[in-house]
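Asker: Just so it is clear, I am handing over my_file15.cif, which has mmCIF, C-alpha atoms (C1' of nucleotides).
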```cif
data_protein
#
loop_
_atom_site.label_atom_id
_atom_site.label_comp_id
_atom_site.auth_asym_id
_atom_site.auth_seq_id
_atom_site.Cartn_x
_atom_site.Cartn_y
_atom_site.Cartn_z
CA MET K 1 78.33 52.93 97.33
CA GLU K 2 76.14 54.90 94.97
CA PRO K 3 77.31 58.33 96.15
CA LEU K 4 80.95 57.35 95.65
CA LYS K 5 80.15 55.87 92.26
CA ASP K 6 78.46 59.09 91.22
CA CYS K 7 81.30 61.18 92.59
CA ILE K 8 83.80 59.36 90.38
CA SER K 9 81.73 59.07 87.23
CA ASN K 10 80.75 62.72 87.42
CA GLN K 11 84.38 63.78 87.16
CA VAL K 12 85.97 61.33 84.74
CA SER K 13 84.47 59.33 81.90
CA VAL K 14 85.11 55.73 82.87
CA ASP K 15 83.62 52.48 81.58
CA ASN K 16 81.62 50.24 83.86
CA THR K 17 84.23 47.52 84.20
CA SER K 18 86.87 49.94 85.38
CA LEU K 19 84.46 51.73 87.65
CA GLU K 20 83.40 48.49 89.30
CA ASN K 21 87.02 47.50 89.65
CA ILE K 22 87.77 50.80 91.35
CA LEU K 23 84.79 50.54 93.68
CA SER K 24 85.75 47.00 94.66
CA MET K 25 88.92 48.36 96.25
CA PHE K 26 86.89 50.32 98.81
CA GLU K 27 85.71 48.91 102.08
CA THR K 28 82.68 50.35 103.87
CA ILE K 29 83.07 51.06 107.57
CA HIS K 30 81.15 52.84 110.32
CA VAL K 31 82.87 55.18 112.75
CA LYS K 32 81.08 56.25 115.90
CA LYS K 33 80.88 59.80 117.13
CA GLY K 34 84.04 60.64 119.04
CA ASP K 35 86.06 57.77 117.57
CA TYR K 36 89.15 58.39 115.49
CA PHE K 37 89.72 57.67 111.83
CA LEU K 38 93.36 58.70 112.28
CA HIS K 39 95.59 59.62 115.19
CA SER K 40 98.32 62.22 114.85
CA ARG K 41 101.91 60.95 115.05
CA THR K 42 101.00 57.84 113.11
CA ILE K 43 101.48 57.22 109.40
CA CYS K 44 98.28 57.50 107.42
CA GLN K 45 97.51 54.35 105.40
CA LYS K 46 94.02 55.14 104.14
CA MET K 47 91.72 57.69 102.72
CA ALA K 48 87.97 57.83 103.01
CA PHE K 49 84.97 58.97 101.06
CA ILE K 50 82.35 60.29 103.47
CA GLU K 51 78.91 58.93 102.64
CA THR K 52 77.25 60.30 105.75
CA GLY K 53 78.43 62.18 108.83
CA TYR K 54 81.02 64.76 109.76
CA LEU K 55 84.70 64.40 110.61
CA ARG K 56 87.11 67.08 111.76
CA MET K 57 90.83 67.31 111.13
CA TYR K 58 92.69 68.95 113.98
CA ASP K 59 96.02 69.39 115.69
CA ILE K 60 96.92 70.69 119.13
CA ALA K 61 98.92 73.93 119.36
CA ASP K 62 99.72 75.67 122.64
CA GLY K 63 97.42 73.26 124.39
CA LYS K 64 94.44 74.11 122.20
CA GLU K 65 92.75 72.02 119.58
CA ILE K 66 92.93 73.75 116.20
CA THR K 67 90.45 72.45 113.64
CA LEU K 68 91.72 72.99 110.11
CA TRP K 69 88.84 71.42 108.26
CA ILE K 70 85.54 69.64 108.73
CA GLY K 71 84.60 67.06 106.11
CA SER K 72 80.98 66.29 105.27
CA SER K 73 79.12 63.90 103.01
CA GLY K 74 80.39 63.67 99.46
CA LYS K 75 83.93 64.71 100.39
CA PHE K 76 87.15 62.72 100.70
CA ILE K 77 89.23 62.94 103.83
CA THR K 78 92.78 61.83 104.67
CA SER K 79 95.98 63.28 106.05
CA LEU K 80 97.20 64.05 102.58
CA SER K 81 100.91 64.57 102.97
CA SER K 82 101.18 61.65 105.39
CA PHE K 83 99.28 59.44 102.98
CA VAL K 84 101.38 60.50 100.00
CA PHE K 85 104.84 60.75 101.55
CA GLN K 86 104.32 58.21 104.35
CA THR K 87 105.51 60.70 106.93
CA VAL K 88 104.13 61.02 110.43
CA SER K 89 100.78 62.79 110.41
CA GLN K 90 100.27 66.10 112.11
CA TRP K 91 96.51 65.67 112.02
CA ASN K 92 93.97 63.82 114.07
CA ILE K 93 90.82 62.90 112.20
CA GLN K 94 87.87 62.36 114.49
CA ALA K 95 84.20 61.66 113.83
CA VAL K 96 82.01 64.42 115.23
CA THR K 97 78.88 62.43 114.38
CA ASP K 98 78.37 58.77 113.53
CA CYS K 99 79.83 58.27 110.06
CA LYS K 100 79.54 55.88 107.15
CA LEU K 101 82.76 55.82 105.18
CA HIS K 102 84.14 54.07 102.10
CA VAL K 103 87.81 53.48 102.73
CA ILE K 104 90.67 52.69 100.40
CA THR K 105 94.10 51.69 101.67
CA ARG K 106 97.33 53.12 100.36
CA GLU K 107 98.23 49.73 98.90
CA LYS K 108 95.04 49.47 96.92
CA HIS K 109 95.33 53.11 95.95
CA LEU K 110 98.78 52.46 94.48
CA HIS K 111 97.50 49.32 92.81
CA LEU K 112 94.69 51.24 91.14
CA SER K 113 97.09 54.00 90.11
CA LYS K 114 99.00 51.42 88.08
CA LYS K 115 96.08 49.41 86.72
CA GLU K 116 93.40 52.01 86.16
CA PRO K 117 94.56 55.19 84.42
CA LYS K 118 91.17 56.73 85.09
CA TRP K 119 91.72 56.40 88.79
CA LEU K 120 94.98 58.31 88.49
CA GLU K 121 93.19 60.98 86.53
CA PHE K 122 90.46 61.17 89.15
CA ASP K 123 93.02 61.34 91.94
CA ASN K 124 94.82 64.19 90.22
CA LEU K 125 91.62 66.17 89.84
CA LEU K 126 90.78 65.51 93.46
CA LEU K 127 94.14 66.83 94.54
CA ALA K 128 93.94 69.91 92.34
CA ARG K 129 90.42 70.67 93.59
CA SER K 130 91.50 70.27 97.19
CA PHE K 131 94.36 72.63 96.52
CA ALA K 132 92.03 75.23 95.03
CA LEU K 133 89.69 74.99 98.01
CA LEU K 134 92.51 75.37 100.49
CA GLU K 135 93.83 78.31 98.49
CA GLN K 136 90.47 80.04 98.70
CA GLY K 137 90.43 79.55 102.43
CA ALA K 138 93.93 80.96 102.82
CA PHE K 139 93.03 83.94 100.65
CA ALA K 140 89.89 84.58 102.68
CA HIS K 141 91.93 84.72 105.87
CA LEU K 142 94.08 87.47 104.38
CA HIS K 143 91.34 89.94 103.58
CA THR K 144 88.17 89.13 105.50
CA THR K 145 87.00 89.73 109.05
CA ALA K 146 85.79 86.93 111.31
CA GLN K 147 82.28 88.25 110.73
CA GLU K 148 82.60 87.86 106.97
CA ARG K 149 84.03 84.35 107.23
CA PHE K 150 81.21 83.41 109.58
CA ASP K 151 78.57 84.76 107.19
CA ALA K 152 80.13 82.94 104.26
CA LEU K 153 80.29 79.63 106.10
CA LEU K 154 76.73 79.98 107.31
CA LYS K 155 75.63 80.58 103.75
CA ASN K 156 77.69 77.82 102.14
CA GLU K 157 77.45 75.08 104.74
CA PRO K 158 74.47 75.79 107.00
CA GLU K 159 74.15 72.11 107.97
CA LEU K 160 77.51 72.39 109.72
CA PHE K 161 75.99 74.61 112.37
CA LEU K 162 73.35 72.00 113.12
CA ASN K 163 75.69 69.04 113.38
CA VAL K 164 79.04 70.20 114.66
CA PRO K 165 79.91 71.78 118.03
CA LEU K 166 80.34 75.52 117.54
CA GLN K 167 83.76 75.50 119.19
CA HIS K 168 85.11 73.49 116.26
CA ILE K 169 83.55 75.83 113.76
CA ALA K 170 85.02 78.80 115.62
CA SER K 171 88.44 77.21 115.48
CA MET K 172 88.12 76.55 111.76
CA ILE K 173 87.16 80.20 111.17
CA GLY K 174 90.16 81.22 113.25
CA ILE K 175 88.45 82.81 116.27
CA ALA K 176 87.74 82.03 119.93
CA PRO K 177 84.46 80.29 120.76
CA GLU K 178 83.39 83.38 122.71
CA SER K 179 83.86 85.50 119.61
CA LEU K 180 81.68 83.16 117.60
CA SER K 181 78.97 83.58 120.23
CA ARG K 182 79.13 87.32 119.71
CA LEU K 183 78.82 86.99 115.96
CA ARG K 184 75.81 84.74 116.34
CA LYS K 185 74.26 87.25 118.69
CA ASN K 186 74.73 90.05 116.15
CA LEU K 187 72.95 87.90 113.60
CA LYS K 188 69.78 87.72 115.68
CA ASN K 189 69.50 91.49 116.17
CA MET E 1 119.01 74.84 83.46
CA GLU E 2 121.15 73.13 86.08
CA PRO E 3 118.97 74.19 89.03
CA LEU E 4 115.85 72.80 87.33
CA LYS E 5 117.68 69.63 86.42
CA ASP E 6 118.74 69.16 90.02
CA CYS E 7 115.27 69.93 91.29
CA ILE E 8 113.80 67.13 89.20
CA SER E 9 116.49 64.53 89.69
CA ASN E 10 116.50 65.12 93.43
CA GLN E 11 112.88 64.08 93.68
CA VAL E 12 112.47 61.25 91.20
CA SER E 13 114.95 58.71 89.89
CA VAL E 14 115.01 59.37 86.16
CA ASP E 15 117.46 58.27 83.46
CA ASN E 16 119.40 60.83 81.50
CA THR E 17 117.50 60.44 78.24
CA SER E 18 114.16 61.09 79.89
CA LEU E 19 115.56 63.94 81.93
CA GLU E 20 116.97 65.64 78.84
CA ASN E 21 113.69 65.10 77.06
CA ILE E 22 111.85 66.73 79.92
CA LEU E 23 114.25 69.67 80.09
CA SER E 24 113.96 70.23 76.34
CA MET E 25 110.31 71.12 76.81
CA PHE E 26 111.21 74.15 78.90
CA GLU E 27 111.97 77.56 77.46
CA THR E 28 114.11 80.05 79.34
CA ILE E 29 112.79 83.60 79.58
CA HIS E 30 113.59 86.79 81.45
CA VAL E 31 110.91 88.89 83.10
CA LYS E 32 111.70 92.41 84.22
CA LYS E 33 110.78 93.84 87.58
CA GLY E 34 107.18 94.99 87.50
CA ASP E 35 106.26 92.95 84.44
CA TYR E 36 103.61 90.26 84.56
CA PHE E 37 104.00 86.54 84.10
CA LEU E 38 100.23 86.19 84.25
CA HIS E 39 97.28 88.55 84.39
CA SER E 40 94.14 87.71 86.31
CA ARG E 41 91.00 87.01 84.29
CA THR E 42 93.01 85.17 81.67
CA ILE E 43 93.49 81.43 81.33
CA CYS E 44 96.88 80.27 82.51
CA GLN E 45 98.79 78.33 79.83
CA LYS E 46 102.17 77.94 81.48
CA MET E 47 104.06 77.19 84.60
CA ALA E 48 107.52 78.37 85.54
CA PHE E 49 110.52 77.21 87.48
CA ILE E 50 112.17 80.22 89.12
CA GLU E 51 115.93 80.14 88.62
CA THR E 52 116.52 83.63 90.01
CA GLY E 53 114.31 86.43 91.26
CA TYR E 54 111.03 86.87 93.10
CA LEU E 55 107.44 86.82 91.87
CA ARG E 56 104.28 87.52 93.81
CA MET E 57 100.84 86.08 93.28
CA TYR E 58 98.07 88.49 94.18
CA ASP E 59 94.45 89.41 93.70
CA ILE E 60 92.55 92.60 94.41
CA ALA E 61 89.84 92.53 97.10
CA ASP E 62 87.96 95.60 98.29
CA GLY E 63 90.34 97.74 96.26
CA LYS E 64 93.42 96.33 97.97
CA GLU E 65 96.08 94.07 96.58
CA ILE E 66 96.23 90.84 98.57
CA THR E 67 99.43 88.86 98.11
CA LEU E 68 98.86 85.16 98.70
CA TRP E 69 102.35 83.93 97.99
CA ILE E 70 105.80 85.08 96.95
CA GLY E 71 107.88 82.61 94.93
CA SER E 72 111.66 82.59 95.04
CA SER E 73 114.48 80.71 93.35
CA GLY E 74 114.07 76.95 93.23
CA LYS E 75 110.27 77.09 93.35
CA PHE E 76 107.63 76.55 90.69
CA ILE E 77 104.94 79.12 90.12
CA THR E 78 101.66 79.08 88.20
CA SER E 79 97.99 79.74 88.77
CA LEU E 80 97.37 76.13 89.58
CA SER E 81 93.66 75.69 89.24
CA SER E 82 93.58 77.83 86.10
CA PHE E 83 96.42 75.80 84.62
CA VAL E 84 94.82 72.47 85.49
CA PHE E 85 91.15 73.19 84.82
CA GLN E 86 91.64 75.92 82.19
CA THR E 87 89.39 78.26 84.09
CA VAL E 88 89.87 82.02 84.34
CA SER E 89 92.63 82.86 86.78
CA GLN E 90 91.97 84.78 89.96
CA TRP E 91 95.64 85.54 90.34
CA ASN E 92 98.06 88.04 88.92
CA ILE E 93 101.65 86.89 88.90
CA GLN E 94 104.10 89.77 88.80
CA ALA E 95 107.88 89.94 88.98
CA VAL E 96 109.00 91.94 92.01
CA THR E 97 112.62 91.73 90.85
CA ASP E 98 114.16 90.84 87.51
CA CYS E 99 113.63 87.12 87.04
CA LYS E 100 115.09 84.24 85.09
CA LEU E 101 112.47 81.57 84.51
CA HIS E 102 112.23 78.18 82.82
CA VAL E 103 108.75 77.93 81.38
CA ILE E 104 106.71 74.95 80.20
CA THR E 105 103.41 75.36 78.37
CA ARG E 106 100.32 73.39 79.18
CA GLU E 107 100.57 71.62 75.84
CA LYS E 108 104.07 70.42 76.49
CA HIS E 109 103.15 69.57 80.05
CA LEU E 110 100.34 67.32 78.80
CA HIS E 111 102.65 65.85 76.21
CA LEU E 112 105.22 64.96 78.86
CA SER E 113 102.52 63.53 81.11
CA LYS E 114 101.75 61.01 78.40
CA LYS E 115 105.29 60.26 77.22
CA GLU E 116 107.33 60.46 80.39
CA PRO E 117 105.85 58.64 83.39
CA LYS E 118 108.55 60.15 85.57
CA TRP E 119 107.30 63.61 84.75
CA LEU E 120 103.83 62.68 85.92
CA GLU E 121 105.33 61.31 89.10
CA PHE E 122 107.31 64.50 89.61
CA ASP E 123 104.24 66.63 88.94
CA ASN E 124 102.24 64.67 91.48
CA LEU E 125 104.89 65.14 94.14
CA LEU E 126 105.07 68.83 93.32
CA LEU E 127 101.34 69.17 93.76
CA ALA E 128 101.30 67.24 97.02
CA ARG E 129 104.18 69.30 98.36
CA SER E 130 102.48 72.53 97.40
CA PHE E 131 99.37 71.33 99.13
CA ALA E 132 101.29 70.56 102.30
CA LEU E 133 102.92 73.99 102.28
CA LEU E 134 99.62 75.76 101.79
CA GLU E 135 98.12 73.65 104.55
CA GLN E 136 100.85 74.72 106.94
CA GLY E 137 100.19 78.35 106.10
CA ALA E 138 96.46 77.95 106.67
CA PHE E 139 97.10 76.20 109.97
CA ALA E 140 99.46 78.95 111.08
CA HIS E 141 96.81 81.57 110.45
CA LEU E 142 94.45 79.74 112.79
CA HIS E 143 96.62 79.74 115.86
CA THR E 144 99.40 82.30 115.59
CA THR E 145 99.58 86.06 116.08
CA ALA E 146 100.90 88.41 113.42
CA GLN E 147 104.04 88.73 115.54
CA GLU E 148 104.64 84.97 115.44
CA ARG E 149 104.05 84.73 111.71
CA PHE E 150 106.44 87.60 111.19
CA ASP E 151 109.13 85.97 113.32
CA ALA E 152 108.71 82.66 111.51
CA LEU E 153 108.97 84.24 108.08
CA LEU E 154 112.00 86.26 109.07
CA LYS E 155 113.65 83.08 110.27
CA ASN E 156 112.70 80.90 107.29
CA GLU E 157 113.03 83.34 104.41
CA PRO E 158 115.20 86.26 105.52
CA GLU E 159 116.16 87.07 101.92
CA LEU E 160 112.54 88.02 101.28
CA PHE E 161 112.92 91.07 103.50
CA LEU E 162 115.88 92.26 101.47
CA ASN E 163 114.30 91.84 98.05
CA VAL E 164 110.57 92.38 98.32
CA PRO E 165 108.65 95.54 99.30
CA LEU E 166 107.47 95.16 102.87
CA GLN E 167 103.88 95.97 101.95
CA HIS E 168 103.70 92.70 100.01
CA ILE E 169 105.16 90.76 102.88
CA ALA E 170 102.67 92.37 105.25
CA SER E 171 99.84 91.36 102.96
CA MET E 172 101.10 87.79 102.78
CA ILE E 173 101.25 87.61 106.60
CA GLY E 174 97.73 89.00 106.72
CA ILE E 175 98.34 92.40 108.33
CA ALA E 176 98.40 96.08 107.35
CA PRO E 177 101.75 97.56 106.29
CA GLU E 178 101.62 99.88 109.32
CA SER E 179 101.35 96.86 111.59
CA LEU E 180 104.39 95.28 109.99
CA SER E 181 106.29 98.48 110.71
CA ARG E 182 105.36 98.16 114.36
CA LEU E 183 106.52 94.54 114.52
CA ARG E 184 109.83 95.49 112.94
CA LYS E 185 110.19 98.28 115.48
CA ASN E 186 109.65 95.82 118.34
CA LEU E 187 112.40 93.66 116.89
CA LYS E 188 114.98 96.40 117.21
CA ASN E 189 114.23 97.09 120.89
"C1'" DC F 1 120.95 115.91 89.26
"C1'" DT F 2 116.46 116.90 90.45
"C1'" DA F 3 111.75 116.07 90.61
"C1'" DT F 4 108.58 112.68 91.10
"C1'" DT F 5 106.88 108.69 92.72
"C1'" DC F 6 107.01 104.85 95.67
"C1'" DT F 7 107.94 102.98 100.15
"C1'" DC F 8 108.26 103.01 104.95
"C1'" DT F 9 107.54 104.88 109.59
"C1'" DT F 10 105.11 107.17 113.32
"C1'" DG F 11 101.41 108.53 116.47
"C1'" DA F 12 96.64 108.98 117.90
"C1'" DC F 13 92.60 106.84 117.88
"C1'" DA F 14 88.98 103.23 116.65
"C1'" DA F 15 87.48 98.67 116.05
"C1'" DA F 16 87.87 93.80 116.34
"C1'" DT F 17 89.07 89.97 118.83
"C1'" DG F 18 91.11 87.52 122.91
"C1'" DT F 19 90.91 86.45 127.89
"C1'" DT F 20 88.92 85.44 132.09
"C1'" DA F 21 85.29 84.08 134.95
"C1'" DG F 22 80.87 82.66 135.86
"C1'" DG F 23 76.69 80.56 135.02
"C1'" DA F 24 72.86 78.68 131.90
"C1'" DA F 25 71.54 75.24 128.76
"C1'" DA F 26 71.95 71.01 126.50
"C1'" DT F 27 73.61 66.44 126.15
"C1'" DT F 28 75.28 62.11 127.73
"C1'" DC F 29 75.74 58.39 130.75
"C1'" DA F 30 74.76 55.43 134.57
"C1'" DT G 1 65.28 59.88 135.63
"C1'" DG G 2 69.00 62.35 137.73
"C1'" DA G 3 73.82 63.50 137.96
"C1'" DA G 4 77.76 64.55 135.52
"C1'" DT G 5 79.76 66.42 131.67
"C1'" DT G 6 79.95 69.07 127.76
"C1'" DT G 7 78.63 72.97 125.27
"C1'" DC G 8 77.23 77.57 124.87
"C1'" DC G 9 76.45 82.33 126.26
"C1'" DT G 10 77.37 86.76 128.62
"C1'" DA G 11 79.91 90.62 130.45
"C1'" DA G 12 83.95 93.31 131.71
"C1'" DC G 13 88.30 94.20 130.55
"C1'" DA G 14 92.89 93.68 128.05
"C1'" DT G 15 95.30 93.31 123.87
"C1'" DT G 16 96.04 93.25 119.16
"C1'" DT G 17 95.42 95.07 114.92
"C1'" DG G 18 93.29 98.40 111.65
"C1'" DT G 19 92.63 103.16 110.05
"C1'" DC G 20 93.79 107.71 109.13
"C1'" DA G 21 96.87 111.41 108.46
"C1'" DA G 22 101.30 113.23 108.04
"C1'" DG G 23 105.86 113.22 106.88
"C1'" DA G 24 110.64 111.13 106.18
"C1'" DG G 25 113.36 108.39 103.34
"C1'" DA G 26 114.55 105.71 99.18
"C1'" DA G 27 114.23 104.55 94.45
"C1'" DT G 28 113.38 105.85 89.76
"C1'" DA G 29 112.82 108.39 85.54
"C1'" DG G 30 113.72 112.11 82.70
#
```
I'd like the structure from this file rewritten - as structure tokens, please.
Answerer:
Amino acid sequence: MEPLKDCISNQVSVDNTSLENILSMFETIHVKKGDYFLHSRTICQKMAFIETGYLRMYDIADGKEITLWIGSSGKFITSLSSFVFQTVSQWNIQAVTDCKLHVITREKHLHLSKKEPKWLEFDNLLLARSFALLEQGAFAHLHTTAQERFDALLKNEPELFLNVPLQHIASMIGIAPESLSRLRKNLKN
Amino acid sequence: MEPLKDCISNQVSVDNTSLENILSMFETIHVKKGDYFLHSRTICQKMAFIETGYLRMYDIADGKEITLWIGSSGKFITSLSSFVFQTVSQWNIQAVTDCKLHVITREKHLHLSKKEPKWLEFDNLLLARSFALLEQGAFAHLHTTAQERFDALLKNEPELFLNVPLQHIASMIGIAPESLSRLRKNLKN
DNA sequence: CTATTCTCTTGACAAATGTTAGGAAATTCA
DNA sequence: TGAATTTCCTAACATTTGTCAAGAGAATAG
């Protein structure tokens, strides 16, 4: 649980007792490549800290899988609005490699929110950071070409290209897999 | 302040004393068309509930103004990550029509967060809802054409087309103003 | 009211990306 | 290992969208 412990203590100043109490609410699980952490059309009851591996969040539109985000080690993943509002989830969350996750249920999350103010603070920061990230992505889509988004992703998350099928990366960038092939070809020349 | 009052009481169950206390932290201001609620490269110290009018949030990239979002009556607007983390804001927030706003400063926001648990709850819901909205927008950009995004916006926020310069709407949809013209032309035929 | 500025439209052309179809390469499974 | 499946690449062509240039129309300021 060290990576999770670090993730929390790096963002909020919390004493050891509270931190241990928070960590004790998480359960460590392993998800195999191809298996699902969450199915769409169900209500999301958990959120996970990714210790190792990659998971993608996707929905199907017009018969095609659209990947909105790919989570990697050190990140949290959940179907946020489903988790918060207990509405049916739009998203599937599937492991694209074998994963080691630390999972907290909604119940325990609510429990911590009441008992550990620092957890609430951490959760708020997490949410605000996620918002900022998403905002950057949305902004990028408004003023960059596929080429530029590809270059940026390659620079910022090169490991993604080694561990995740390119079709999912293409989808996340907002282009067809064939177009991604072209961009990669340009790179080599 | 009735619209703000309703907005809060519709989302969280709060007694009258607390509600009045919360409302008393807001200050009503008027912003004229073209004036700025926030300039980029400054640190955002306030957030606003829009009672009437329209404001756009934009940044400049490659010499062009890119509008990420246009807020209308009943919505809150702020440069979220700047407001939360007190970092320099990327966004300009400018009135595109005369506006009536109810404004709360960061100080008073923090004060309420400590004194009025219901405010914190409301703020959390607001953040989660904003996240969900942004997420939908990002998803739409991954699998829809400009035409489809135009149609959807026209259906969901028709008033926007009557009150906001089309160039800003085009930017928000992610297309050139000339392209928006073409889409509008198609509509008529 | 008039001049100025801002906004919107149009058309021709260029560039980027999607689509379709086929096959090569890599991976997985039995 | 060998067959089946998945993933990736390529090429030709279609479509969408961007860019540039010009001008019409609307809003605004003096």
Asker: Restricting the calculation to all atoms listed in the file: of F:DT7, F:DT19, F:DC13, F:DT27, which residue gets closest to chain E?
Answerer: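 Closest to chain E, using all atoms listed in the file: F:DT7.
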Asker: Starting from the displayed file, determine the output of the PyMOL selection byres ((chain E and resi 75-79) around 9) and express the residue list as a PyMOL selection string.
Answerer: chain E and resi 7+37-38+43-51+55+57+71-74+80-84+89-93+126
Asker: Find the residues with any atom within 12 Å of (102.2, 67.2, 77.7); use all atoms listed in the file and the coordinates as given in the file, and write the answer as a PyMOL selection string.
Answerer: chain E and resi 21-22+25-26+45-46+84+104-117+119-120+123
Asker: Within 8 Å of (80.8, 85.2, 133.7), all atoms listed in the file: residues as a PyMOL selection string?
Answerer: (chain F and resi 21-23) or (chain G and resi 10-11)
Asker: Using all atoms listed in the file, find the residues of chain K whose closest atom to chain G is at most 8 Å away, then write them as a ChimeraX atom specification.
Answerer: /K:165,178,181
Asker: Can you give me, as a ChimeraX atom specification, the residues this file yields under the PyMOL selection byres ((chain K) within 8 of (chain F))?
Answerer: /K:175-176,179
Asker: Provide the CA of Met1 (chain K) to CA of His30 (chain K) distance in Å, to one decimal place.
Answerer: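 Value for the CA of Met1 (chain K)-CA of His30 (chain K) distance: 13.3 Å.
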Asker: Define the interface residues of chain E facing chain K as those within 9 Å, counting only C-alpha atoms, and report them as a PyMOL selection string.
Answerer: chain E and resi 59+61-62+64+66-68+80-81+84-85+124-125+127-132+134-135+137-139+141-143+171-175
Asker: Grab the CA of Cys99 (chain K) to CA of Leu153 (chain K) distance for me, in Å with one decimal place.
Answerer: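 That distance, rounded to one decimal, is 21.7 Å.
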Asker: Rounded to one decimal place, report the CA of Thr145 (chain E)-CA of Pro177 (chain K) distance in Å.
Answerer: 16.8 Å
